[in-house]
>>> print(open('final-v5.csv').read())   # CSV, C-alpha atoms
chain,number,residue,atom,x,y,z
L,1,MET,CA,-9.3,-22.2,-14.2
L,2,LYS,CA,-7.7,-19.1,-15.6
L,3,TYR,CA,-7.2,-15.9,-13.6
L,4,TYR,CA,-6.0,-12.5,-14.6
L,5,LEU,CA,-4.5,-10.5,-11.7
L,6,ILE,CA,-3.8,-6.8,-11.8
L,7,ALA,CA,-1.8,-4.8,-9.2
L,8,GLY,CA,-0.3,-1.4,-9.9
L,9,GLU,CA,1.7,-0.6,-6.8
L,10,THR,CA,4.3,-2.2,-4.5
L,11,SER,CA,1.8,-3.0,-1.7
L,12,GLY,CA,-0.6,-4.6,-4.2
L,13,ASP,CA,2.2,-6.7,-5.6
L,14,ILE,CA,2.9,-8.2,-2.1
L,15,HIS,CA,-0.8,-9.0,-1.6
L,16,GLY,CA,-1.1,-10.3,-5.1
L,17,ALA,CA,1.8,-12.7,-4.6
L,18,ASN,CA,0.2,-14.1,-1.4
L,19,LEU,CA,-3.1,-14.4,-3.1
L,20,ILE,CA,-1.6,-16.3,-6.0
L,21,GLU,CA,0.0,-18.8,-3.6
L,22,ALA,CA,-3.4,-19.3,-1.9
L,23,LEU,CA,-5.3,-19.7,-5.2
L,24,LYS,CA,-2.9,-22.5,-6.2
L,25,SER,CA,-3.9,-24.4,-3.1
L,26,TYR,CA,-7.6,-24.1,-3.7
L,27,ASP,CA,-7.5,-24.6,-7.5
L,28,PRO,CA,-5.3,-27.4,-8.8
L,29,SER,CA,-5.9,-26.2,-12.4
L,30,PHE,CA,-4.8,-22.7,-11.6
L,31,GLU,CA,-3.4,-20.7,-14.5
L,32,CYS,CA,-2.8,-16.9,-14.6
L,33,ARG,CA,-1.5,-13.9,-16.3
L,34,ILE,CA,-0.4,-10.9,-14.3
L,35,VAL,CA,0.2,-7.2,-14.2
L,36,GLY,CA,2.3,-6.7,-11.1
L,37,GLY,CA,5.8,-6.6,-9.7
L,38,ASP,CA,8.7,-8.9,-8.7
L,39,GLN,CA,6.8,-10.7,-5.9
L,40,MET,CA,3.8,-11.6,-8.1
L,41,GLU,CA,6.3,-12.7,-10.8
L,42,ARG,CA,8.0,-15.1,-8.4
L,43,ALA,CA,4.6,-16.5,-7.1
L,44,ALA,CA,3.2,-16.9,-10.6
L,45,GLN,CA,6.5,-17.9,-12.2
L,46,ILE,CA,5.7,-15.7,-15.2
L,47,ALA,CA,6.8,-12.2,-16.2
L,48,PRO,CA,4.2,-9.5,-15.8
L,49,LEU,CA,2.6,-8.0,-18.9
L,50,ILE,CA,3.4,-4.6,-17.3
L,51,HIS,CA,5.6,-4.1,-14.2
L,52,THR,CA,4.3,-2.0,-11.3
L,53,SER,CA,7.2,0.4,-11.8
L,54,GLU,CA,5.5,1.5,-15.0
L,55,MET,CA,2.1,1.9,-13.4
L,56,ALA,CA,2.2,4.0,-10.2
L,57,PHE,CA,1.3,7.6,-10.7
L,58,MET,CA,-0.2,9.4,-7.7
L,59,GLY,CA,-1.8,12.8,-7.4
L,60,PHE,CA,-4.1,14.7,-9.8
L,61,VAL,CA,-1.3,16.6,-11.6
L,62,GLU,CA,0.9,13.5,-11.8
L,63,VAL,CA,-1.9,11.5,-13.4
L,64,ILE,CA,-2.6,14.2,-16.0
L,65,LYS,CA,1.1,14.4,-16.9
L,66,ASN,CA,1.2,10.6,-17.6
L,67,LEU,CA,-2.2,10.2,-19.3
L,68,SER,CA,-0.7,8.9,-22.5
L,69,THR,CA,1.2,6.1,-20.6
L,70,ILE,CA,-1.9,5.2,-18.7
L,71,ARG,CA,-3.9,5.0,-21.9
L,72,LYS,CA,-1.3,2.7,-23.5
L,73,ASN,CA,-1.3,0.5,-20.4
L,74,LEU,CA,-5.0,0.2,-20.4
L,75,LYS,CA,-5.1,-0.7,-24.1
L,76,LYS,CA,-2.4,-3.3,-23.7
L,77,VAL,CA,-4.1,-5.0,-20.7
L,78,LYS,CA,-7.5,-5.0,-22.4
L,79,GLU,CA,-6.1,-6.6,-25.5
L,80,ASP,CA,-4.3,-9.2,-23.4
L,81,ILE,CA,-7.5,-10.1,-21.5
L,82,ILE,CA,-9.3,-10.6,-24.8
L,83,ASN,CA,-6.6,-12.9,-26.0
L,84,TYR,CA,-6.2,-14.8,-22.7
L,85,LYS,CA,-9.9,-15.2,-22.0
L,86,PRO,CA,-9.7,-15.6,-18.2
L,87,ASP,CA,-12.5,-17.1,-16.1
L,88,THR,CA,-12.0,-14.3,-13.5
L,89,VAL,CA,-10.3,-11.0,-13.4
L,90,ILE,CA,-8.9,-10.2,-10.0
L,91,LEU,CA,-8.3,-6.5,-9.4
L,92,ILE,CA,-6.0,-5.5,-6.5
L,93,ASP,CA,-6.6,-2.0,-5.2
L,94,PHE,CA,-5.3,0.7,-7.7
L,95,PRO,CA,-8.8,2.0,-8.5
L,96,GLY,CA,-8.1,4.6,-11.2
L,97,PHE,CA,-6.8,1.9,-13.5
L,98,ASN,CA,-8.6,-1.1,-12.2
L,99,MET,CA,-12.1,0.3,-12.3
L,100,LYS,CA,-11.7,0.9,-16.0
L,101,ILE,CA,-10.7,-2.7,-16.4
L,102,ALA,CA,-13.7,-3.8,-14.3
L,103,SER,CA,-16.1,-2.0,-16.7
L,104,PHE,CA,-14.3,-3.6,-19.6
L,105,ALA,CA,-14.3,-7.1,-18.2
L,106,LYS,CA,-18.0,-6.8,-17.2
L,107,LYS,CA,-18.9,-6.0,-20.9
L,108,GLU,CA,-16.9,-9.0,-21.9
L,109,ASN,CA,-19.0,-11.2,-19.5
L,110,ILE,CA,-15.9,-12.0,-17.4
L,111,ASN,CA,-16.3,-12.6,-13.6
L,112,VAL,CA,-14.9,-9.6,-11.7
L,113,CYS,CA,-13.4,-9.9,-8.2
L,114,TYR,CA,-12.0,-6.9,-6.5
L,115,TYR,CA,-9.4,-7.7,-3.8
L,116,ILE,CA,-8.9,-4.7,-1.5
L,117,SER,CA,-11.7,-2.2,-2.0
L,118,PRO,CA,-11.0,1.2,-3.6
L,119,LYS,CA,-11.0,3.9,-0.9
L,120,ILE,CA,-14.3,5.3,-2.1
L,121,TRP,CA,-15.3,6.1,1.5
L,122,ALA,CA,-12.6,8.8,1.4
L,123,TRP,CA,-13.7,10.7,-1.6
L,124,ASN,CA,-16.2,10.5,-4.5
L,125,GLN,CA,-18.5,8.1,-2.6
L,126,GLY,CA,-20.8,8.1,-5.6
L,127,ARG,CA,-18.5,5.6,-7.2
L,128,VAL,CA,-20.2,3.0,-5.1
L,129,HIS,CA,-22.9,2.9,-7.7
L,130,LYS,CA,-20.4,2.1,-10.5
L,131,ILE,CA,-18.9,-0.7,-8.3
L,132,LYS,CA,-22.3,-2.2,-7.8
L,133,LYS,CA,-22.7,-2.4,-11.6
L,134,VAL,CA,-19.3,-3.7,-12.7
L,135,VAL,CA,-17.8,-5.7,-9.7
L,136,ASP,CA,-19.3,-9.1,-9.0
L,137,HIS,CA,-17.6,-9.6,-5.7
L,138,MET,CA,-15.8,-7.1,-3.5
L,139,PHE,CA,-13.4,-8.1,-0.8
L,140,CYS,CA,-12.8,-5.6,2.0
L,141,ILE,CA,-9.8,-5.5,4.3
L,142,LEU,CA,-10.8,-2.6,6.6
L,143,PRO,CA,-13.5,-3.1,9.2
L,144,PHE,CA,-15.3,0.1,8.6
L,145,GLU,CA,-15.7,-0.6,4.9
L,146,VAL,CA,-18.3,-3.3,5.5
L,147,GLU,CA,-20.7,-0.8,7.1
L,148,PHE,CA,-20.1,1.8,4.4
L,149,TYR,CA,-21.1,-0.7,1.6
L,150,LYS,CA,-24.1,-1.9,3.8
L,151,GLN,CA,-25.4,1.6,3.8
L,152,HIS,CA,-25.5,1.4,0.0
L,153,ASN,CA,-27.1,-2.0,-0.1
L,154,TYR,CA,-24.1,-3.8,-1.5
L,155,GLN,CA,-23.0,-7.1,0.1
L,156,VAL,CA,-19.2,-7.5,0.4
L,157,ASP,CA,-16.9,-10.1,1.9
L,158,TYR,CA,-14.8,-9.0,4.9
L,159,ILE,CA,-11.6,-11.1,4.9
L,160,GLY,CA,-9.4,-9.3,7.4
L,161,ASN,CA,-6.2,-7.5,6.5
L,162,PRO,CA,-3.6,-9.2,4.2
L,163,LEU,CA,-0.8,-7.2,5.9
L,164,LEU,CA,-1.3,-9.5,8.9
L,165,ASP,CA,-0.5,-12.5,6.5
L,166,ALA,CA,2.6,-10.8,5.1
L,167,ILE,CA,3.9,-9.9,8.5
L,168,ALA,CA,3.1,-13.3,10.0
L,169,ALA,CA,4.9,-15.0,7.1
L,170,HIS,CA,8.0,-12.9,7.5
L,171,LYS,CA,11.0,-14.7,9.0
L,172,PRO,CA,13.1,-12.1,10.9
L,173,ASN,CA,16.8,-11.7,10.1
L,174,VAL,CA,18.4,-11.9,13.5
L,175,ASN,CA,21.6,-10.6,11.9
L,176,PHE,CA,19.9,-7.6,10.3
L,177,LYS,CA,22.4,-5.0,11.6
L,178,GLN,CA,25.5,-7.1,10.8
L,179,THR,CA,24.1,-8.0,7.3
L,180,ASN,CA,23.7,-4.3,6.5
L,181,GLU,CA,26.9,-3.1,8.2
L,182,LEU,CA,25.0,-1.1,10.8
L,183,ASN,CA,26.4,-0.1,14.2
L,184,GLU,CA,24.8,-0.5,17.6
L,185,ARG,CA,23.3,2.9,17.8
L,186,PRO,CA,19.4,2.9,18.0
L,187,ILE,CA,17.8,3.1,14.6
L,188,ILE,CA,15.3,5.6,13.2
L,189,ALA,CA,13.6,4.1,10.1
L,190,LEU,CA,12.8,6.3,7.2
L,191,LEU,CA,10.0,5.1,4.9
L,192,PRO,CA,9.7,7.7,2.1
L,193,GLY,CA,7.3,5.8,0.0
L,194,SER,CA,7.5,3.9,-3.3
L,195,ARG,CA,6.5,6.6,-5.8
L,196,ARG,CA,9.1,9.0,-7.3
L,197,MET,CA,7.0,12.0,-6.6
L,198,GLU,CA,6.6,11.2,-2.9
L,199,ILE,CA,10.3,10.5,-2.5
L,200,GLU,CA,11.4,13.7,-4.3
L,201,LYS,CA,9.2,15.8,-2.0
L,202,ILE,CA,9.6,14.0,1.3
L,203,LEU,CA,13.0,12.4,1.5
L,204,PRO,CA,15.0,15.7,1.7
L,205,GLU,CA,13.0,16.6,4.8
L,206,MET,CA,13.7,13.1,6.3
L,207,VAL,CA,17.4,13.2,5.5
L,208,ASP,CA,17.9,16.5,7.3
L,209,LEU,CA,16.8,14.8,10.5
L,210,TYR,CA,20.3,13.3,10.7
L,211,TYR,CA,21.6,16.6,12.1
L,212,LEU,CA,19.0,16.6,14.9
L,213,PHE,CA,19.6,13.2,16.3
L,214,PRO,CA,23.3,12.5,16.4
L,215,ALA,CA,22.9,9.6,18.9
L,216,HIS,CA,20.9,7.6,16.3
L,217,GLN,CA,21.5,6.1,12.9
L,218,PHE,CA,19.1,6.5,10.1
L,219,VAL,CA,18.2,3.8,7.7
L,220,ILE,CA,16.0,4.2,4.6
L,221,ALA,CA,13.6,1.5,3.3
L,222,GLY,CA,14.3,1.6,-0.4
L,223,ALA,CA,11.6,0.8,-2.9
L,224,PRO,CA,12.5,-2.1,-5.2
L,225,ASN,CA,11.7,0.0,-8.3
L,226,PHE,CA,14.6,2.4,-7.6
L,227,SER,CA,18.4,1.9,-7.3
L,228,GLU,CA,20.7,2.9,-4.5
L,229,ASP,CA,22.1,5.7,-6.7
L,230,PHE,CA,18.6,7.2,-6.9
L,231,TYR,CA,18.6,7.6,-3.1
L,232,LYS,CA,22.2,8.8,-3.0
L,233,LYS,CA,21.1,12.0,-4.8
L,234,TYR,CA,19.2,13.0,-1.6
L,235,ILE,CA,21.6,11.5,0.9
L,236,GLY,CA,24.8,13.0,-0.4
L,237,ASP,CA,27.8,12.2,1.8
L,238,LEU,CA,25.7,11.6,4.9
L,239,PRO,CA,26.2,8.1,6.5
L,240,ILE,CA,22.6,7.0,6.0
L,241,ASN,CA,22.1,3.4,4.8
L,242,VAL,CA,19.5,2.3,2.3
L,243,VAL,CA,18.1,-1.3,2.5
L,244,PHE,CA,16.0,-3.0,-0.1
L,245,ASN,CA,13.3,-5.7,0.5
L,246,GLN,CA,14.0,-5.6,4.2
L,247,THR,CA,11.3,-3.2,5.5
L,248,TYR,CA,9.9,-5.5,8.1
L,249,ASP,CA,13.4,-6.3,9.5
L,250,LEU,CA,14.2,-2.6,9.5
L,251,LEU,CA,11.0,-1.7,11.4
L,252,GLN,CA,11.6,-4.6,13.9
L,253,ASN,CA,15.0,-3.1,14.7
L,254,ALA,CA,13.9,0.5,14.8
L,255,GLN,CA,13.2,2.6,17.9
L,256,ALA,CA,10.9,4.9,15.9
L,257,ALA,CA,10.0,5.6,12.3
L,258,VAL,CA,9.1,8.4,9.9
L,259,VAL,CA,6.5,7.0,7.5
L,260,THR,CA,5.0,8.4,4.3
L,261,SER,CA,1.2,8.1,4.4
L,262,GLY,CA,0.1,4.8,2.8
L,263,THR,CA,0.1,1.1,3.5
L,264,ALA,CA,3.4,1.4,5.4
L,265,THR,CA,1.7,3.4,8.2
L,266,LEU,CA,-0.4,0.3,8.9
L,267,GLU,CA,2.5,-2.1,8.7
L,268,THR,CA,4.4,0.1,11.1
L,269,GLY,CA,1.4,0.1,13.5
L,270,ILE,CA,1.0,-3.7,13.3
L,271,LEU,CA,4.7,-4.1,14.1
L,272,LYS,CA,4.2,-1.7,17.0
L,273,VAL,CA,6.9,0.9,16.1
L,274,PRO,CA,6.1,4.4,17.2
L,275,GLN,CA,5.8,6.6,14.1
L,276,VAL,CA,5.1,10.0,12.8
L,277,VAL,CA,3.2,10.0,9.5
L,278,VAL,CA,4.2,12.5,6.8
L,279,TYR,CA,2.9,13.5,3.4
L,280,LYS,CA,3.9,16.1,0.9
L,281,ALA,CA,3.0,16.4,-2.8
L,282,ASN,CA,2.4,18.8,-5.7
L,283,ARG,CA,0.6,21.9,-4.2
L,284,ILE,CA,-2.3,21.7,-6.7
L,285,SER,CA,-2.8,18.0,-6.1
L,286,VAL,CA,-2.9,18.5,-2.3
L,287,LEU,CA,-5.3,21.5,-2.6
L,288,LEU,CA,-7.7,19.4,-4.8
L,289,ALA,CA,-7.4,16.5,-2.4
L,290,ARG,CA,-8.3,18.7,0.6
L,291,LEU,CA,-11.4,19.9,-1.2
L,292,LEU,CA,-12.5,16.4,-2.2
L,293,ILE,CA,-11.4,14.0,0.5
L,294,LYS,CA,-14.2,13.3,3.1
L,295,VAL,CA,-12.2,11.7,5.9
L,296,GLN,CA,-10.6,13.3,8.9
L,297,PHE,CA,-7.2,11.5,8.7
L,298,ILE,CA,-4.8,10.2,6.1
L,299,SER,CA,-3.1,7.3,7.9
L,300,LEU,CA,-4.8,3.9,8.1
L,301,VAL,CA,-3.9,3.6,11.7
L,302,ASN,CA,-5.9,6.7,12.6
L,303,LEU,CA,-8.7,5.8,10.2
L,304,ILE,CA,-9.2,2.3,11.6
L,305,ASN,CA,-9.0,3.4,15.2
L,306,GLY,CA,-11.2,6.4,14.5
L,307,PHE,CA,-9.1,8.9,16.4
L,308,LEU,CA,-5.6,10.5,16.2
L,309,SER,CA,-3.5,7.5,17.3
L,310,VAL,CA,-0.3,8.8,15.6
L,311,ARG,CA,0.7,12.3,14.6
L,312,GLU,CA,0.2,13.4,10.9
L,313,LEU,CA,2.3,16.1,9.3
L,314,ILE,CA,0.9,17.1,5.9
L,315,GLN,CA,2.3,19.5,3.2
L,316,GLU,CA,3.6,22.7,4.9
L,317,ASP,CA,3.7,20.8,8.3
L,318,CYS,CA,5.9,18.1,6.7
L,319,ASN,CA,9.2,19.8,7.4
L,320,THR,CA,12.3,18.7,9.2
L,321,ARG,CA,11.7,20.7,12.3
L,322,SER,CA,8.1,19.6,12.9
L,323,ILE,CA,9.0,15.9,12.2
L,324,GLY,CA,12.0,16.2,14.5
L,325,ASP,CA,9.8,17.6,17.3
L,326,GLU,CA,7.4,14.6,17.1
L,327,LEU,CA,10.3,12.2,16.8
L,328,ASN,CA,11.8,13.7,20.0
L,329,GLU,CA,8.5,13.1,21.8
L,330,LEU,CA,8.3,9.5,20.6
L,331,LEU,CA,11.9,8.8,21.6
L,332,ASN,CA,12.2,10.7,24.9
L,333,ASN,CA,8.7,11.3,26.3
L,334,ASP,CA,7.8,8.0,28.0
L,335,GLU,CA,4.1,8.9,28.4
L,336,HIS,CA,3.7,9.9,24.8
L,337,ARG,CA,5.4,6.8,23.6
L,338,ALA,CA,3.3,4.5,25.8
L,339,SER,CA,0.1,6.2,24.5
L,340,VAL,CA,1.0,5.4,20.9
L,341,LEU,CA,1.8,1.8,21.8
L,342,GLU,CA,-1.6,1.5,23.6
L,343,ASN,CA,-3.3,2.8,20.5
L,344,TYR,CA,-1.5,0.1,18.5
L,345,ASP,CA,-3.0,-2.5,20.9
L,346,LEU,CA,-6.5,-1.2,20.0
L,347,LEU,CA,-5.5,-1.4,16.3
L,348,ALA,CA,-4.6,-5.0,16.7
L,349,GLN,CA,-7.9,-5.8,18.3
L,350,LYS,CA,-9.8,-4.2,15.4
L,351,LEU,CA,-7.8,-5.9,12.7
L,352,GLY,CA,-8.2,-9.4,14.0
L,353,THR,CA,-6.0,-12.4,13.0
L,354,PRO,CA,-4.1,-13.4,9.8
L,355,GLY,CA,-5.8,-15.4,7.0
L,356,ALA,CA,-7.0,-12.8,4.5
L,357,SER,CA,-5.2,-14.2,1.5
L,358,ASP,CA,-6.5,-17.7,2.3
L,359,LYS,CA,-10.1,-16.5,2.8
L,360,ALA,CA,-10.1,-14.4,-0.3
L,361,ALA,CA,-8.6,-17.2,-2.5
L,362,LYS,CA,-11.2,-19.8,-1.2
L,363,LEU,CA,-14.1,-17.4,-2.0
L,364,ILE,CA,-12.7,-16.4,-5.4
L,365,VAL,CA,-12.4,-20.0,-6.5
L,366,GLU,CA,-16.0,-20.7,-5.3
L,367,TYR,CA,-17.3,-17.6,-7.1
L,368,THR,CA,-15.5,-18.5,-10.2
L,369,ARG,CA,-16.9,-22.0,-10.2
L,370,GLU,CA,-20.4,-20.6,-9.6
L,371,ALA,CA,-20.0,-18.3,-12.6
L,372,GLU,CA,-18.9,-21.2,-14.8
L,373,ASN,CA,-22.2,-23.1,-14.0
>>> encode(input="final-v5.csv", output="structure tokens")
Amino acid sequence: MKYYLIAGETSGDIHGANLIEALKSYDPSFECRIVGGDQMERAAQIAPLIHTSEMAFMGFVEVIKNLSTIRKNLKKVKEDIINYKPDTVILIDFPGFNMKIASFAKKENINVCYYISPKIWAWNQGRVHKIKKVVDHMFCILPFEVEFYKQHNYQVDYIGNPLLDAIAAHKPNVNFKQTNELNERPIIALLPGSRRMEIEKILPEMVDLYYLFPAHQFVIAGAPNFSEDFYKKYIGDLPINVVFNQTYDLLQNAQAAVVTSGTATLETGILKVPQVVVYKANRISVLLARLLIKVQFISLVNLINGFLSVRELIQEDCNTRSIGDELNELLNNDEHRASVLENYDLLAQKLGTPGASDKAAKLIVEYTREAEN
């Protein structure tokens, strides 16, 4: 059968790649086209129609600035879907773009599976009615999402979290420090995000932490869609290393981490690295978000646990001094550090065990066959 997978961000690219591998095992006739990144390209062994580096725009203002690019991408994907005639369209997170594709695919009588639910529980919950109309099968990866959809009389499949799959499949590099020419000082990991806007706002605050922790070395997890030269603009002459495609190894070798809000906060929690969550964006975007967002926290660790499990520093609070104060607590206050690690134990209980990609693939193949009959 023919599948069309669409991921618009780095995290979705990882999950999309794992899903492709699982789909191959359940459907011997598997064929696909993709919108995604390097990992999906390797899994599918075909080039993406559009690469994730040309897709990810975050924040109200940033989206408005790039509307023409988004429209061109939408048109390109729709035309490709028409020409390819897939049996099922598989949408991976990235709701602003993918919900438009869902509506289009539904009009074309194509089976629509949504892998990783849009975070409609956070803001504009009325979108659930649109989802019920245009998405045939929704796959949820966060425990509280099932109850949310149940309240709206929409049956979903809870498959567990695919990050558990990605982390379980990771083979640690026992020579990580030697490979990256790092010394034996303890590491503080800096994860500034994968979007240019995030990095431009947040990385300067992270880099200045170097002056506050002379006994540590700082290592940046670089996004694959940027070069080392891009990061050097913010690092300057400071001895701060950038590593690419080694985020899990970096975290597994880190004493603590500073993490931009997003999927990486959950990865850091699963790997049990004490973290401080940060976020800073365009002032207008943040103001609008604060008016619209209906949840108490921004990090997935806190949202899943339902209480403040790790500290969040947003916008004006996202500054070097405040981040440094929390880092100091995580590194030097044994009671505080132990509390965060206990919170991670609760997180692990709530997330369950690996197997999300496999469960989703099995169901998608079943649903696609049902739609064919």
>>> residues_around(input="final-v5.csv", residues="L:Ala189", least_positions_apart="4", cutoff="12 Å", atoms="all atoms listed in the file", output="ChimeraX atom specification")
/L:203,206-207,209-210,216-222,240-243,246-260,264,268,273-277,327
>>> atom_distance(input="final-v5.csv", atom1="atom CA of L:Gly37", atom2="atom CA of L:Glu312")
29.3 Å
>>> residues_around(input="final-v5.csv", residues="L:Ile159", least_positions_apart="6", cutoff="10 Å", atoms="all atoms listed in the file", output="list in words")
Tyr115, Ile116, Phe139, Cys140, Ile141, Leu142, Pro143, Gly352, Thr353, Pro354, Gly355, Ala356, Ser357, Asp358, Lys359, Ala360 and Leu363 of chain L
>>> write_last_selection(input="final-v5.csv", atoms="C-alpha atoms", output="PDB file, in the frame of the given file")
ATOM      1  CA  TYR L 115      -9.400  -7.700  -3.800  1.00  0.00           C
ATOM      2  CA  ILE L 116      -8.900  -4.700  -1.500  1.00  0.00           C
ATOM      3  CA  PHE L 139     -13.400  -8.100  -0.800  1.00  0.00           C
ATOM      4  CA  CYS L 140     -12.800  -5.600   2.000  1.00  0.00           C
ATOM      5  CA  ILE L 141      -9.800  -5.500   4.300  1.00  0.00           C
ATOM      6  CA  LEU L 142     -10.800  -2.600   6.600  1.00  0.00           C
ATOM      7  CA  PRO L 143     -13.500  -3.100   9.200  1.00  0.00           C
ATOM      8  CA  GLY L 352      -8.200  -9.400  14.000  1.00  0.00           C
ATOM      9  CA  THR L 353      -6.000 -12.400  13.000  1.00  0.00           C
ATOM     10  CA  PRO L 354      -4.100 -13.400   9.800  1.00  0.00           C
ATOM     11  CA  GLY L 355      -5.800 -15.400   7.000  1.00  0.00           C
ATOM     12  CA  ALA L 356      -7.000 -12.800   4.500  1.00  0.00           C
ATOM     13  CA  SER L 357      -5.200 -14.200   1.500  1.00  0.00           C
ATOM     14  CA  ASP L 358      -6.500 -17.700   2.300  1.00  0.00           C
ATOM     15  CA  LYS L 359     -10.100 -16.500   2.800  1.00  0.00           C
ATOM     16  CA  ALA L 360     -10.100 -14.400  -0.300  1.00  0.00           C
ATOM     17  CA  LEU L 363     -14.100 -17.400  -2.000  1.00  0.00           C
TER      18      LEU L 363
END
>>> residues_near_point(input="final-v5.csv", point="(7.5, -11.5, -8.2)", cutoff="12 Å", atoms="all atoms listed in the file", output="number ranges by chain")
L: 7, 10, 12-18, 20-21, 34-48, 51-52, 224, 245
>>> atom_distance(input="final-v5.csv", atom1="atom CA of L:Ile323", atom2="atom CA of L:Arg311")
9.4 Å
